[in-house]
Structure formats: structure tokens, C-alpha cells
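K.L.:
Dropping a structure here in C-alpha cells format, bear with me for questions.
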Amino acid sequence: MRWQRLGRMVVVMTGVVCLGCGESGSTSEPGGDSVDVDAGNPGEDASNGEDTADVFTAEDITSPQDVLDAAAEDVPIVWPNIVINEVMVKADGNYPDWVELTSLHGETVDMGGWGIRDELNAHEYTLPEGTMLEAFSYKVIWGKGGDQELTMDFGFKVDAKARLFTPDGTQADEADWNEGDAPAGTTWGRFPDGHGDFQMLTEPTLGKANKPPEESAETEEEAP
């Protein structure tokens, strides 16, 4: 299995976590020794250019068990940490838009300071401190008109994008759609859930795992 670059990464090893190290960085093993981490090719020994371990990419991580299996085998995992999972681009009636985040990280993350923007930098919502996202869970942020605790002061357009930013202003993920990609009542979401490509999903699943597009379509056809 070969490593592939997936943009902003988190390298997770047994007892070692390196978040956003860039091209290179350092962290510490449980024993306290400093370990240099090369984000450019984490599976390669810089001293001789030989691969030293298999690497799991985002496509390999489909459940918490995958993380446990990789850790048990001391296999490094390379994946996006927090991703945009589903977007309600245009809701039916007066229902507000929303964007759903999901965590592919094995621990609870404080999302305070993370930001959601549309295609314009002038439109930004910053998540408040203490907004906790548990491992492999979901967090919904509502668009303008919502009355929930996490509600933005803007909504999305039918030809636009939703972008996720870390507290230091680095773009972590993006959902980009064109007019007609997600008609009213459908969503623009990842399938497989959490790490697949964005596509139209006919059955919104806010706060839950995305359903296969064909399953969503069958559900809609069978409805009375």
C-alpha cells in the first residue's frame, strides 16, 4: 500500500500525533524522545529512501476499528482530521441551510476557533470555544434563519462552496458545487461517508452517516 498526498494531514501513530506539521516537524514518543516527522513522505526512511511501513490513506479508514487495527500493527495513518461531510445547499421552504462536519480523528477535538466560510472570505462563522467533536461523530452548523446554538449569519447559494478553516487560518477542507448539483431537498455530501467524493444525496442525513446515493433514491421512489 502506497502513501498519497491528501492536502492538510494528520499523521497518527501509536502514541504519536503530529497535527499540521507542514513539510516537516517534530513530536514526542511516549518515552519522551523527540521524533522528526516528514509530512512529505511519512512512510519513507530519509536515511536510505526505503519504505519502512505501510500507510493507511483516508480511503482505508471506514470505521473506528480500522484505526485500532492500524495502531495494533504500528502502521502510521495518514488522513484529513476534520472534514466537511454534507451540505444542505438549498432547503425546502423556509428551512435553513446547514453544513455537517465529521471527525476522522480517534480522540475528541475542541473545535473552538475553527471557521466556516462560503466562497467569500467576508462570510465567516467561527465556532465558539468548548465546541467538542467526539471521535467519528458529527456536528451540524446551521445557516441563516436557524435558531440552534451553532448558527451562522449567512446561507449558501446554489453555485458556491463551503470551506472549513483551522484556528490558524489554514483551509482544512472544501465542498464545491455548481447550480443543479444539489436541488432543493437534497444535499451535497460525501460517499462513502466521511472520505468519499462529494455527490448529490437525495435523503439528507444530518448528524448521521451518509447513505449510499442509490439507497437514497430507492427510499424516495418507494415513499407514498
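Every chain in the C-alpha cells takes a letter, A first, then B, and so on in the order presented; its residues are numbered from 1, and the ligands are numbered from 1 following the presented order.
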List the neighbours of range 192-198 of chain A out to 6 Å using only C-alpha atoms; skip same-chain residues closer than 6 positions along the sequence, and give me the result as a ChimeraX atom specification.
P.N.:
/A:85,209-210
K.L.:
Let me see the file: selected residues, C-alpha atoms, as a PDB file, in the first residue's frame.
P.N.:
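Now in again_21.pdb:
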```
ATOM      1  CA  ASN A  85     -19.272  15.690   5.226  1.00  0.00           C
ATOM      2  CA  ALA A 209     -23.691   8.661   8.386  1.00  0.00           C
ATOM      3  CA  ASN A 210     -24.470   9.417   4.754  1.00  0.00           C
TER       4      ASN A 210
END
```
K.L.:
Looking only at strand (DSSP E) from DSSP on the backbone, list the matching residues of range 126-186 of chain A as a VMD selection string.
P.N.:
chain A and resid 126 132 to 133 138 to 142 160 to 165 171 to 177
K.L.:
With distances taken over only C-alpha atoms, which residue among A:Glu214, A:Glu86, A:Asp147, A:Asp118 lies nearest Leu164 in chain A?
P.N.:
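With only C-alpha atoms as the atom set, the closest residue is A:Asp118.
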K.L.:
Which residue out of A:Ala135, A:Trp177, A:Thr186, A:Ala162 has the minimum interatomic distance to Leu206 in chain A when only C-alpha atoms are used?
P.N.:
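Between A:Ala135, A:Trp177, A:Thr186, A:Ala162, the residue approaching Leu206 in chain A most closely is A:Thr186.
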K.L.:
One number please: CA of Pro212 in chain A to CA of Gln199 in chain A, in Å, one decimal.
P.N.:
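Computing the Euclidean distance for CA of Pro212 in chain A and CA of Gln199 in chain A yields 10.1 Å.
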